[in-house]
Amino acid sequence: MLIDINSVQELGLLIRATRKHQKVRMDDVAGSAGVGPVFVREVERGKETVQLGRVLKLLVELGIELKADVPEDVAPAFAALKLTGVKPLKPRRPATKSKDASAQNKGKAKRDASFDKD
């Protein structure tokens, strides 16, 4: 059966209804999907900032297939992208000291130097 999903909240309700219908406890489905029970609770309650990859694991575990209804002329472009892929994201740079922290350290060094003169 196809059900229209128009919001994160609706997807959460569908996940909850499916889990309850299958008589599966939240912690059991979480464990078998490789996510935590807090994550399952957040998804079921419609939290909008959950990780999509983890939601997909949960859907697979519950037997829910995610499909997209797109215009027919999009299918060839999608097929081509599946073959060629996309350029991978560049890794994030490691966190560096902020300018404020650097300025504070310079000020401290000046203070330390003035104490040395005495």
# chains A, B, ... in the order shown; residues from 1 in each chain; ligands from 1
>>> residues_around(residues="range 9-11 of chain A", least_positions_apart="3", cutoff="6 Å", atoms="only C-alpha atoms", output="short mmCIF file (atom, residue, chain, number, x, y, z; two decimals) with N, CA and C atoms, in the first residue's frame")
data_model
loop_
_atom_site.label_atom_id
_atom_site.label_comp_id
_atom_site.auth_asym_id
_atom_site.auth_seq_id
_atom_site.Cartn_x
_atom_site.Cartn_y
_atom_site.Cartn_z
N ILE A 5 3.61 10.73 2.20
CA ILE A 5 4.30 11.29 3.35
C ILE A 5 4.71 12.71 2.97
N LEU A 14 4.15 7.02 10.73
CA LEU A 14 4.11 5.76 9.98
C LEU A 14 5.05 4.73 10.59
N GLY A 46 8.92 12.86 15.22
CA GLY A 46 9.02 13.83 14.14
C GLY A 46 10.15 14.83 14.24
#
>>> residues_around(residues="Val8 in chain A", least_positions_apart="2", cutoff="12 Å", atoms="only C-alpha atoms", output="PyMOL selection string")
chain A and resi 4-6+10-15+42-52+55
>>> atom_distance(atom1="CA of Thr96 in chain A", atom2="CA of Arg54 in chain A")
29.5 Å
>>> select_by_dssp(residues="chain A", states="alpha helix (DSSP H)", output="ChimeraX atom specification")
/A:8-21,26-33,37-44,52-62,75-84,99-117
>>> decode(residues="range 17-49 of chain A", atoms="N, CA and C atoms", output="tab-separated table (two decimals), in the first residue's frame")
chain	number	residue	atom	x	y	z
A	17	ALA	N	3.43	3.52	13.84
A	17	ALA	CA	2.27	2.65	13.57
A	17	ALA	C	2.72	1.27	13.11
A	18	THR	N	3.75	1.24	12.25
A	18	THR	CA	4.27	-0.03	11.75
A	18	THR	C	4.88	-0.84	12.88
A	19	ARG	N	5.68	-0.18	13.70
A	19	ARG	CA	6.33	-0.89	14.82
A	19	ARG	C	5.29	-1.45	15.79
A	20	LYS	N	4.29	-0.63	16.12
A	20	LYS	CA	3.24	-1.09	17.06
A	20	LYS	C	2.43	-2.23	16.45
A	21	HIS	N	2.12	-2.12	15.15
A	21	HIS	CA	1.34	-3.18	14.49
A	21	HIS	C	2.11	-4.50	14.50
A	22	GLN	N	3.43	-4.41	14.35
A	22	GLN	CA	4.27	-5.62	14.38
A	22	GLN	C	4.55	-6.09	15.80
A	23	LYS	N	4.05	-5.34	16.79
A	23	LYS	CA	4.24	-5.67	18.21
A	23	LYS	C	5.73	-5.79	18.57
A	24	VAL	N	6.50	-4.81	18.09
A	24	VAL	CA	7.93	-4.78	18.36
A	24	VAL	C	8.20	-3.63	19.32
A	25	ARG	N	8.98	-3.91	20.36
A	25	ARG	CA	9.33	-2.86	21.31
A	25	ARG	C	10.35	-1.90	20.68
A	26	MET	N	10.32	-0.69	21.16
A	26	MET	CA	11.21	0.34	20.63
A	26	MET	C	12.68	-0.06	20.76
A	27	ASP	N	13.06	-0.57	21.91
A	27	ASP	CA	14.47	-0.94	22.11
A	27	ASP	C	14.87	-2.14	21.26
A	28	ASP	N	13.92	-3.03	20.97
A	28	ASP	CA	14.23	-4.19	20.11
A	28	ASP	C	14.48	-3.77	18.67
A	29	VAL	N	13.60	-2.90	18.13
A	29	VAL	CA	13.80	-2.45	16.75
A	29	VAL	C	15.06	-1.59	16.66
A	30	ALA	N	15.34	-0.83	17.71
A	30	ALA	CA	16.55	-0.01	17.71
A	30	ALA	C	17.80	-0.89	17.64
A	31	GLY	N	17.82	-1.93	18.47
A	31	GLY	CA	18.98	-2.82	18.50
A	31	GLY	C	19.19	-3.55	17.19
A	32	SER	N	18.12	-4.03	16.59
A	32	SER	CA	18.28	-4.78	15.35
A	32	SER	C	18.57	-3.85	14.16
A	33	ALA	N	18.22	-2.57	14.27
A	33	ALA	CA	18.53	-1.62	13.20
A	33	ALA	C	19.90	-0.96	13.40
A	34	GLY	N	20.50	-1.18	14.56
A	34	GLY	CA	21.80	-0.59	14.83
A	34	GLY	C	21.75	0.87	15.22
A	35	VAL	N	20.63	1.28	15.82
A	35	VAL	CA	20.48	2.64	16.31
A	35	VAL	C	20.04	2.57	17.77
A	36	GLY	N	20.02	3.68	18.44
A	36	GLY	CA	19.61	3.69	19.84
A	36	GLY	C	18.12	3.92	20.00
A	37	PRO	N	17.56	3.53	21.15
A	37	PRO	CA	16.14	3.74	21.39
A	37	PRO	C	15.76	5.22	21.44
A	38	VAL	N	16.67	6.07	21.88
A	38	VAL	CA	16.39	7.51	21.90
A	38	VAL	C	16.22	8.00	20.46
A	39	PHE	N	17.05	7.49	19.56
A	39	PHE	CA	16.94	7.86	18.15
A	39	PHE	C	15.58	7.45	17.61
A	40	VAL	N	15.14	6.23	17.91
A	40	VAL	CA	13.83	5.75	17.43
A	40	VAL	C	12.73	6.66	17.96
A	41	ARG	N	12.81	6.99	19.23
A	41	ARG	CA	11.80	7.87	19.84
A	41	ARG	C	11.79	9.23	19.13
A	42	GLU	N	12.96	9.78	18.85
A	42	GLU	CA	13.03	11.08	18.18
A	42	GLU	C	12.43	11.02	16.78
A	43	VAL	N	12.71	9.94	16.06
A	43	VAL	CA	12.15	9.79	14.71
A	43	VAL	C	10.63	9.68	14.80
A	44	GLU	N	10.14	8.84	15.69
A	44	GLU	CA	8.70	8.65	15.81
A	44	GLU	C	7.99	9.92	16.22
A	45	ARG	N	8.67	10.79	16.93
A	45	ARG	CA	8.06	12.06	17.36
A	45	ARG	C	8.28	13.18	16.35
A	46	GLY	N	8.92	12.86	15.22
A	46	GLY	CA	9.02	13.83	14.14
A	46	GLY	C	10.15	14.83	14.24
A	47	LYS	N	11.23	14.49	14.95
A	47	LYS	CA	12.37	15.40	15.02
A	47	LYS	C	12.94	15.59	13.62
A	48	GLU	N	13.10	16.85	13.22
A	48	GLU	CA	13.46	17.16	11.85
A	48	GLU	C	14.95	17.05	11.55
A	49	THR	N	15.79	16.93	12.56
A	49	THR	CA	17.24	16.95	12.32
A	49	THR	C	17.90	15.58	12.50
